[in-house]
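S.K.: The file below is data-v8.tsv, TSV, C-alpha atoms and all ligand atoms:
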chain	number	residue	atom	x	y	z
Y	1	MET	CA	0.00	0.00	0.00
Y	2	SER	CA	1.37	3.41	-0.93
Y	3	ILE	CA	1.63	6.33	1.48
Y	4	ALA	CA	-0.91	8.25	-0.60
Y	5	SER	CA	-3.46	5.44	-0.62
Y	6	GLN	CA	-3.16	4.97	3.14
Y	7	ILE	CA	-3.70	8.69	3.73
Y	8	ASN	CA	-6.71	8.71	1.44
Y	9	MET	CA	-8.14	5.63	3.15
Y	10	ILE	CA	-7.82	7.19	6.62
Y	11	ASN	CA	-9.16	10.58	5.56
Y	12	GLY	CA	-12.09	8.82	3.91
Y	13	GLU	CA	-13.04	7.40	7.30
Y	14	LEU	CA	-12.39	10.42	9.50
Y	15	PRO	CA	-15.46	12.48	10.34
Y	16	GLN	CA	-15.48	16.22	9.58
Y	17	GLY	CA	-13.46	18.13	12.14
Y	18	VAL	CA	-11.02	15.33	12.97
Y	19	LYS	CA	-7.50	16.07	11.84
Y	20	LEU	CA	-4.96	13.48	10.75
Y	21	VAL	CA	-1.43	14.10	12.01
Y	22	ALA	CA	0.87	11.84	9.98
Y	23	VAL	CA	3.61	10.65	12.33
Y	24	SER	CA	6.78	10.73	10.24
Y	25	LYS	CA	9.30	10.20	13.05
Y	26	PHE	CA	12.35	8.16	11.98
Y	27	LYS	CA	11.18	8.28	8.35
Y	28	PRO	CA	13.12	10.22	5.71
Y	29	VAL	CA	12.13	13.58	4.25
Y	30	SER	CA	11.23	11.74	1.04
Y	31	ALA	CA	8.39	10.01	2.92
Y	32	VAL	CA	7.15	13.39	4.18
Y	33	LEU	CA	7.22	14.76	0.64
Y	34	GLU	CA	5.32	11.76	-0.68
Y	35	ALA	CA	2.59	12.34	1.90
Y	36	TYR	CA	2.64	16.05	1.10
Y	37	SER	CA	1.98	15.26	-2.56
Y	38	ALA	CA	-1.10	13.35	-1.42
Y	39	GLY	CA	-2.32	16.54	0.27
Y	40	GLN	CA	-1.15	15.83	3.82
Y	41	ARG	CA	-0.05	18.98	5.68
Y	42	ALA	CA	0.18	18.03	9.39
Y	43	PHE	CA	3.09	15.86	10.52
Y	44	GLY	CA	4.15	14.52	13.90
Y	45	GLU	CA	7.74	14.25	15.11
Y	46	SER	CA	9.23	13.11	18.39
Y	47	ARG	CA	12.84	14.32	18.23
Y	48	PRO	CA	13.78	18.01	18.24
Y	49	LYS	CA	16.63	17.95	15.72
Y	50	GLU	CA	14.81	15.62	13.40
Y	51	MET	CA	11.78	17.89	13.37
Y	52	ARG	CA	13.87	20.98	12.77
Y	53	ASP	CA	15.84	19.37	9.94
Y	54	LYS	CA	12.68	18.16	8.24
Y	55	ALA	CA	11.08	21.58	8.66
Y	56	LEU	CA	14.10	23.19	6.99
Y	57	ASN	CA	14.16	20.66	4.16
Y	58	SER	CA	10.51	20.52	3.17
Y	59	TYR	CA	7.75	23.10	2.70
Y	60	PRO	CA	6.82	26.12	4.83
Y	61	ASP	CA	3.10	25.31	4.77
Y	62	ILE	CA	3.67	22.06	6.67
Y	63	GLU	CA	2.29	22.08	10.20
Y	64	TRP	CA	4.72	20.35	12.57
Y	65	HIS	CA	3.34	18.73	15.69
Y	66	PHE	CA	5.83	17.76	18.37
Y	67	ILE	CA	4.61	14.56	20.05
Y	68	GLY	CA	7.60	13.12	21.93
Y	69	HIS	CA	9.09	13.72	25.34
Y	70	LEU	CA	10.70	17.16	25.16
Y	71	GLN	CA	13.69	18.04	27.34
Y	72	THR	CA	13.79	21.65	28.50
Y	73	ASN	CA	17.21	22.23	26.94
Y	74	LYS	CA	15.79	21.26	23.52
Y	75	VAL	CA	12.80	23.61	23.61
Y	76	LYS	CA	14.63	26.30	21.66
Y	77	LEU	CA	15.15	23.90	18.74
Y	78	VAL	CA	11.44	23.18	18.53
Y	79	VAL	CA	9.58	26.42	19.23
Y	80	PRO	CA	10.62	28.31	16.06
Y	81	TYR	CA	9.27	25.58	13.76
Y	82	VAL	CA	6.44	23.96	15.64
Y	83	SER	CA	2.75	24.45	15.06
Y	84	MET	CA	1.70	22.61	18.22
Y	85	ILE	CA	3.52	20.90	21.07
Y	86	GLU	CA	1.21	18.01	21.94
Y	87	SER	CA	3.33	16.41	24.64
Y	88	VAL	CA	3.72	18.94	27.45
Y	89	ASP	CA	4.23	16.74	30.50
Y	90	SER	CA	5.61	18.98	33.25
Y	91	VAL	CA	5.27	22.48	34.67
Y	92	ARG	CA	8.98	22.99	34.18
Y	93	LEU	CA	8.62	22.29	30.47
Y	94	LEU	CA	5.64	24.60	30.28
Y	95	SER	CA	7.68	27.40	31.85
Y	96	GLU	CA	10.51	26.90	29.41
Y	97	ILE	CA	8.19	26.86	26.37
Y	98	ASP	CA	6.58	30.05	27.68
Y	99	ARG	CA	9.94	31.75	28.21
Y	100	CYS	CA	11.31	30.71	24.82
Y	101	SER	CA	8.07	31.71	23.03
Y	102	ALA	CA	8.17	35.14	24.70
Y	103	SER	CA	11.76	35.71	23.58
Y	104	LEU	CA	10.70	34.95	19.98
Y	105	GLY	CA	7.56	37.07	20.24
Y	106	ARG	CA	5.35	34.04	19.74
Y	107	VAL	CA	2.47	32.30	21.40
Y	108	THR	CA	2.85	28.52	21.19
Y	109	ASP	CA	-0.13	26.19	20.92
Y	110	CYS	CA	0.21	23.38	23.46
Y	111	LEU	CA	-1.62	20.26	24.55
Y	112	LEU	CA	-1.16	18.87	28.03
Y	113	GLU	CA	-0.28	15.20	27.97
Y	114	VAL	CA	-2.37	13.19	30.39
Y	115	HIS	CA	-1.40	9.81	31.74
Y	116	ILE	CA	-4.40	7.57	31.11
Y	117	ALA	CA	-2.76	4.20	30.42
Y	118	ARG	CA	-2.15	1.47	32.94
Y	119	GLU	CA	1.54	1.27	32.07
Y	120	GLU	CA	3.75	2.89	34.70
Y	121	THR	CA	6.26	4.22	32.22
Y	122	LYS	CA	4.07	6.53	30.19
Y	123	GLN	CA	4.71	10.19	30.89
Y	124	GLY	CA	2.12	12.89	31.44
Y	125	PHE	CA	0.10	14.70	34.09
Y	126	SER	CA	-2.41	12.84	36.19
Y	127	PRO	CA	-6.02	13.86	35.53
Y	128	ASP	CA	-6.10	15.56	38.97
Y	129	GLU	CA	-3.17	17.81	38.12
Y	130	ILE	CA	-4.83	19.25	35.02
Y	131	GLY	CA	-7.50	21.26	36.82
Y	132	VAL	CA	-4.97	22.86	39.16
Y	133	LEU	CA	-2.68	23.67	36.29
Y	134	MET	CA	-5.48	25.35	34.36
Y	135	GLN	CA	-6.20	27.60	37.35
Y	136	ASN	CA	-2.64	28.88	36.96
Y	137	ALA	CA	-2.75	29.29	33.18
Y	138	LEU	CA	-2.23	33.06	33.44
Y	139	GLN	CA	1.30	32.39	34.60
Y	140	PHE	CA	2.08	31.35	31.02
Y	141	PRO	CA	1.03	34.25	28.79
Y	142	ASN	CA	2.93	32.91	25.77
Y	143	ILE	CA	1.22	29.53	25.79
Y	144	ARG	CA	-2.14	28.93	24.21
Y	145	PHE	CA	-3.68	25.95	25.98
Y	146	ARG	CA	-5.49	24.14	23.18
Y	147	GLY	CA	-6.40	20.89	24.93
Y	148	LEU	CA	-5.22	17.44	25.94
Y	149	MET	CA	-3.28	14.55	24.48
Y	150	GLY	CA	-3.21	10.96	25.68
Y	151	MET	CA	-2.13	7.45	24.82
Y	152	ALA	CA	-4.19	4.44	25.78
Y	153	SER	CA	-2.69	1.21	27.08
Y	154	ASN	CA	-1.18	-0.95	24.40
Y	155	VAL	CA	-3.51	-3.90	24.97
Y	156	SER	CA	-5.85	-5.91	22.78
Y	157	ASP	CA	-8.78	-5.39	25.15
Y	158	THR	CA	-10.65	-2.78	23.14
Y	159	GLU	CA	-13.07	-2.02	25.96
Y	160	ALA	CA	-10.17	-1.13	28.26
Y	161	VAL	CA	-8.77	1.16	25.57
Y	162	ARG	CA	-12.18	2.70	25.01
Y	163	SER	CA	-12.63	3.40	28.70
Y	164	GLU	CA	-9.25	5.17	28.88
Y	165	PHE	CA	-10.19	7.39	25.94
Y	166	ARG	CA	-13.54	8.06	27.58
Y	167	THR	CA	-11.79	9.17	30.78
Y	168	LEU	CA	-9.71	11.62	28.79
Y	169	LYS	CA	-12.73	12.98	26.92
Y	170	LYS	CA	-14.57	13.55	30.22
Y	171	LEU	CA	-11.62	15.45	31.62
Y	172	PHE	CA	-11.41	17.49	28.41
Y	173	ASP	CA	-15.11	18.37	28.62
Y	174	SER	CA	-14.75	19.41	32.25
Y	175	ILE	CA	-12.31	22.19	31.42
Y	176	GLU	CA	-13.95	25.42	30.45
Y	177	ARG	CA	-11.54	27.49	28.45
Y	178	PRO	CA	-12.39	29.19	25.18
Y	179	SER	CA	-9.10	28.06	23.61
Y	180	PHE	CA	-9.67	24.41	24.57
Y	181	ASP	CA	-10.74	22.82	21.29
Y	182	THR	CA	-8.34	19.94	20.71
Y	183	LEU	CA	-8.36	16.38	21.98
Y	184	SER	CA	-5.51	14.32	20.53
Y	185	MET	CA	-5.91	10.58	20.98
Y	186	GLY	CA	-5.61	7.49	18.82
Y	187	MET	CA	-2.69	5.89	16.95
Y	188	SER	CA	-2.38	3.24	14.22
Y	189	HIS	CA	-3.94	0.44	16.22
Y	190	ASP	CA	-6.66	2.30	18.13
Y	191	TRP	CA	-7.59	5.41	16.11
Y	192	LYS	CA	-11.07	4.20	15.23
Y	193	ILE	CA	-11.96	3.78	18.89
Y	194	ALA	CA	-10.46	7.21	19.65
Y	195	VAL	CA	-12.60	8.83	16.96
Y	196	GLU	CA	-15.72	7.15	18.33
Y	197	GLU	CA	-14.83	8.55	21.76
Y	198	GLY	CA	-14.39	12.13	20.58
Y	199	ALA	CA	-10.83	12.68	19.32
Y	200	THR	CA	-10.26	15.80	17.22
Y	201	ILE	CA	-6.70	14.75	16.28
Y	202	VAL	CA	-5.45	11.25	15.51
Y	203	ARG	CA	-1.69	10.65	15.33
Y	204	ILE	CA	-0.94	7.87	12.87
Y	205	GLY	CA	2.51	6.64	11.82
Y	206	THR	CA	2.89	2.94	11.10
Y	207	LEU	CA	-0.36	2.60	9.19
Y	208	ILE	CA	0.77	5.30	6.76
Y	209	PHE	CA	4.53	4.91	6.52
Y	210	GLY	CA	5.03	1.26	7.53
Y	211	GLU	CA	6.99	-0.13	10.44
Y	212	ARG	CA	9.78	1.98	11.90
A	1	LIG	C1	4.99	7.24	17.52
A	1	LIG	C2	3.80	7.89	18.10
A	1	LIG	C3	2.55	7.82	17.45
A	1	LIG	C4	2.31	7.02	16.18
A	1	LIG	O1	2.31	5.66	16.46
A	1	LIG	P1	1.89	4.57	15.37
A	1	LIG	O2	1.55	3.37	16.18
A	1	LIG	O3	3.08	4.37	14.50
A	1	LIG	O4	0.73	5.10	14.64
A	1	LIG	C5	1.49	8.52	18.00
A	1	LIG	N1	1.64	9.24	19.14
A	1	LIG	C6	2.81	9.31	19.79
A	1	LIG	C7	2.88	10.12	21.03
A	1	LIG	C8	3.91	8.65	19.30
A	1	LIG	O5	5.08	8.73	19.97
Using the file provided, produce a representation of the structure as structure tokens.
M.R.:
Amino acid sequence: MSIASQINMINGELPQGVKLVAVSKFKPVSAVLEAYSAGQRAFGESRPKEMRDKALNSYPDIEWHFIGHLQTNKVKLVVPYVSMIESVDSVRLLSEIDRCSASLGRVTDCLLEVHIAREETKQGFSPDEIGVLMQNALQFPNIRFRGLMGMASNVSDTEAVRSEFRTLKKLFDSIERPSFDTLSMGMSHDWKIAVEEGATIVRIGTLIFGER
């Protein structure tokens, strides 16, 4: 299956208002350009230098979404090129993105990553921390809080996955902020469930570009 046909297949099944972020991490620029030719404009990357290099070697109308764990000392590589940082997982990181955005005269769109999976290792805020954080949003004038991102457990029990997505959607709905319009959940193996449970972004790599 070609990259273009996979993108067309997924877009054909996504409801209006749900955006496909094509996760191109570890794939060459040529793969990005192939997807671009098929009309894809939003791409997901998980490493700062890789995202920057691809941004510099492709087209300016590509929207780069940063989706990996971001170290504070790498924020300055990402902020100038990024359209949205989906994986904000600590207050320290938030502060650094705010500071760096201010120095560049920008406001950076961010999603807060929420830990919803059973696995211990997955990063992100706990659902309880999100409400508190949002009460302090004014401390970060150069961040636009757009919503939440989460990853479900990597298990075959689809009802368990569905219930994790549902938890995230409930949390998302409980936060009343005018800028809160984005719920990013769902990857290659669980995107259909995520869409059924209210995702507005799905992040899909393997299904489009093949195994990494
Ligand atoms: C790699 C990655 C994806 C894409 O995963 P696939 O299973 O290849 O679709 C989505 N979200 C995050 C946060 C990732 O790191």
S.K.: Could you list, as number ranges by chain, all protein and nucleic acid residues with an atom at most 6 Å from ligand LIG 1 (chain A), counting only C-alpha atoms and all ligand atoms?
M.R.: Y: 23, 67-68, 187-188, 203-206
S.K.: Check the smallest atom-to-atom distance from each of Y:Tyr81, Y:Trp64, Y:Phe140, Y:Phe209 to Ala31 (chain Y) using only C-alpha atoms, then report the winner.
M.R.: Y:Phe209
S.K.: Enter the distance from CA of Asp190 (chain Y) to CA of Leu70 (chain Y), in Å, rounded to one decimal.
M.R.: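 Those two atoms sit 23.9 Å apart.
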S.K.: Using all atoms listed in the file, which of the listed residues (Y:Ser153, Y:Gln139, Y:Ser179, Y:Asn11) sits closest to Leu94 (chain Y)?
M.R.: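 When distances to Leu94 (chain Y) are compared using all atoms listed in the file, the smallest one comes from Y:Gln139.
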S.K.: In Å, rounded to a single decimal, give me how far CA of Pro141 (chain Y) is from CA of Val107 (chain Y).
M.R.: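 So the two atoms, CA of Val107 (chain Y) and CA of Pro141 (chain Y), lie 7.8 Å apart.
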S.K.: CA of Val161 (chain Y) to CA of Val21 (chain Y): how many Å, to one decimal?
M.R.: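 Between these atoms lies a distance of 20.1 Å.
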S.K.: I need every residue sitting at most 12 Å from the point (-7.0, 6.4, 18.6) (coordinates as in the file, all atoms listed in the file considered), written as a ChimeraX atom specification.
M.R.: /Y:14,18-21,149-154,158,161-166,168,183-205
S.K.: With a distance cut-off of 12 Å and all atoms listed in the file, select the neighbouring residues of Leu56 (chain Y), excluding the residue or stretch itself and same-chain residues fewer than 6 positions from it, and output the selection as a VMD selection string.
M.R.: chain Y and resid 29 49 to 50 62 64 77 to 78 80 to 82
S.K.: With only C-alpha atoms as the atoms that count, which of Y:Ser83, Y:Ser2, Y:Gln71, Y:Asn57 lies nearest to Glu96 (chain Y)?
M.R.: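 Nearest candidate to Glu96 (chain Y) out of Y:Ser83, Y:Ser2, Y:Gln71, Y:Asn57: Y:Gln71.
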S.K.: How would region 88-105 of chain Y look written as a PDB file, in the first residue's frame with N, CA, C and O atoms?
M.R.:
ATOM      1  N   VAL Y  88       3.240  18.208  26.278  1.00  0.00           N
ATOM      2  CA  VAL Y  88       3.717  18.942  27.452  1.00  0.00           C
ATOM      3  C   VAL Y  88       3.395  18.118  28.693  1.00  0.00           C
ATOM      4  O   VAL Y  88       2.224  17.835  28.966  1.00  0.00           O
ATOM      5  N   ASP Y  89       4.450  17.683  29.406  1.00  0.00           N
ATOM      6  CA  ASP Y  89       4.229  16.736  30.501  1.00  0.00           C
ATOM      7  C   ASP Y  89       4.765  17.211  31.853  1.00  0.00           C
ATOM      8  O   ASP Y  89       4.811  16.438  32.801  1.00  0.00           O
ATOM      9  N   SER Y  90       5.195  18.473  31.940  1.00  0.00           N
ATOM     10  CA  SER Y  90       5.612  18.977  33.249  1.00  0.00           C
ATOM     11  C   SER Y  90       5.476  20.501  33.287  1.00  0.00           C
ATOM     12  O   SER Y  90       5.477  21.158  32.240  1.00  0.00           O
ATOM     13  N   VAL Y  91       5.374  21.035  34.493  1.00  0.00           N
ATOM     14  CA  VAL Y  91       5.275  22.484  34.671  1.00  0.00           C
ATOM     15  C   VAL Y  91       6.592  23.151  34.273  1.00  0.00           C
ATOM     16  O   VAL Y  91       6.614  24.238  33.703  1.00  0.00           O
ATOM     17  N   ARG Y  92       7.670  22.461  34.546  1.00  0.00           N
ATOM     18  CA  ARG Y  92       8.983  22.989  34.178  1.00  0.00           C
ATOM     19  C   ARG Y  92       9.095  23.175  32.666  1.00  0.00           C
ATOM     20  O   ARG Y  92       9.608  24.179  32.169  1.00  0.00           O
ATOM     21  N   LEU Y  93       8.601  22.198  31.940  1.00  0.00           N
ATOM     22  CA  LEU Y  93       8.621  22.285  30.475  1.00  0.00           C
ATOM     23  C   LEU Y  93       7.723  23.426  29.985  1.00  0.00           C
ATOM     24  O   LEU Y  93       8.092  24.191  29.092  1.00  0.00           O
ATOM     25  N   LEU Y  94       6.574  23.529  30.617  1.00  0.00           N
ATOM     26  CA  LEU Y  94       5.637  24.601  30.278  1.00  0.00           C
ATOM     27  C   LEU Y  94       6.304  25.973  30.457  1.00  0.00           C
ATOM     28  O   LEU Y  94       6.205  26.855  29.595  1.00  0.00           O
ATOM     29  N   SER Y  95       6.997  26.140  31.572  1.00  0.00           N
ATOM     30  CA  SER Y  95       7.681  27.403  31.848  1.00  0.00           C
ATOM     31  C   SER Y  95       8.729  27.712  30.788  1.00  0.00           C
ATOM     32  O   SER Y  95       8.870  28.849  30.346  1.00  0.00           O
ATOM     33  N   GLU Y  96       9.450  26.689  30.395  1.00  0.00           N
ATOM     34  CA  GLU Y  96      10.510  26.901  29.408  1.00  0.00           C
ATOM     35  C   GLU Y  96       9.922  27.224  28.027  1.00  0.00           C
ATOM     36  O   GLU Y  96      10.447  28.079  27.305  1.00  0.00           O
ATOM     37  N   ILE Y  97       8.841  26.563  27.658  1.00  0.00           N
ATOM     38  CA  ILE Y  97       8.194  26.861  26.368  1.00  0.00           C
ATOM     39  C   ILE Y  97       7.664  28.299  26.397  1.00  0.00           C
ATOM     40  O   ILE Y  97       7.796  29.050  25.422  1.00  0.00           O
ATOM     41  N   ASP Y  98       7.109  28.690  27.531  1.00  0.00           N
ATOM     42  CA  ASP Y  98       6.583  30.054  27.678  1.00  0.00           C
ATOM     43  C   ASP Y  98       7.706  31.083  27.531  1.00  0.00           C
ATOM     44  O   ASP Y  98       7.587  32.059  26.787  1.00  0.00           O
ATOM     45  N   ARG Y  99       8.807  30.826  28.233  1.00  0.00           N
ATOM     46  CA  ARG Y  99       9.944  31.748  28.213  1.00  0.00           C
ATOM     47  C   ARG Y  99      10.520  31.869  26.797  1.00  0.00           C
ATOM     48  O   ARG Y  99      10.746  32.963  26.283  1.00  0.00           O
ATOM     49  N   CYS Y 100      10.719  30.734  26.160  1.00  0.00           N
ATOM     50  CA  CYS Y 100      11.305  30.713  24.816  1.00  0.00           C
ATOM     51  C   CYS Y 100      10.354  31.371  23.808  1.00  0.00           C
ATOM     52  O   CYS Y 100      10.791  32.126  22.933  1.00  0.00           O
ATOM     53  N   SER Y 101       9.060  31.113  23.932  1.00  0.00           N
ATOM     54  CA  SER Y 101       8.074  31.714  23.028  1.00  0.00           C
ATOM     55  C   SER Y 101       8.076  33.230  23.176  1.00  0.00           C
ATOM     56  O   SER Y 101       8.042  33.965  22.184  1.00  0.00           O
ATOM     57  N   ALA Y 102       8.152  33.697  24.439  1.00  0.00           N
ATOM     58  CA  ALA Y 102       8.172  35.141  24.696  1.00  0.00           C
ATOM     59  C   ALA Y 102       9.388  35.777  24.028  1.00  0.00           C
ATOM     60  O   ALA Y 102       9.281  36.837  23.400  1.00  0.00           O
ATOM     61  N   SER Y 103      10.529  35.119  24.138  1.00  0.00           N
ATOM     62  CA  SER Y 103      11.757  35.708  23.577  1.00  0.00           C
ATOM     63  C   SER Y 103      11.692  35.777  22.052  1.00  0.00           C
ATOM     64  O   SER Y 103      12.373  36.580  21.432  1.00  0.00           O
ATOM     65  N   LEU Y 104      10.862  34.921  21.440  1.00  0.00           N
ATOM     66  CA  LEU Y 104      10.698  34.951  19.978  1.00  0.00           C
ATOM     67  C   LEU Y 104       9.456  35.736  19.562  1.00  0.00           C
ATOM     68  O   LEU Y 104       9.123  35.791  18.379  1.00  0.00           O
ATOM     69  N   GLY Y 105       8.768  36.311  20.544  1.00  0.00           N
ATOM     70  CA  GLY Y 105       7.558  37.067  20.235  1.00  0.00           C
ATOM     71  C   GLY Y 105       6.442  36.197  19.702  1.00  0.00           C
ATOM     72  O   GLY Y 105       5.665  36.605  18.844  1.00  0.00           O
TER      73      GLY Y 105
END
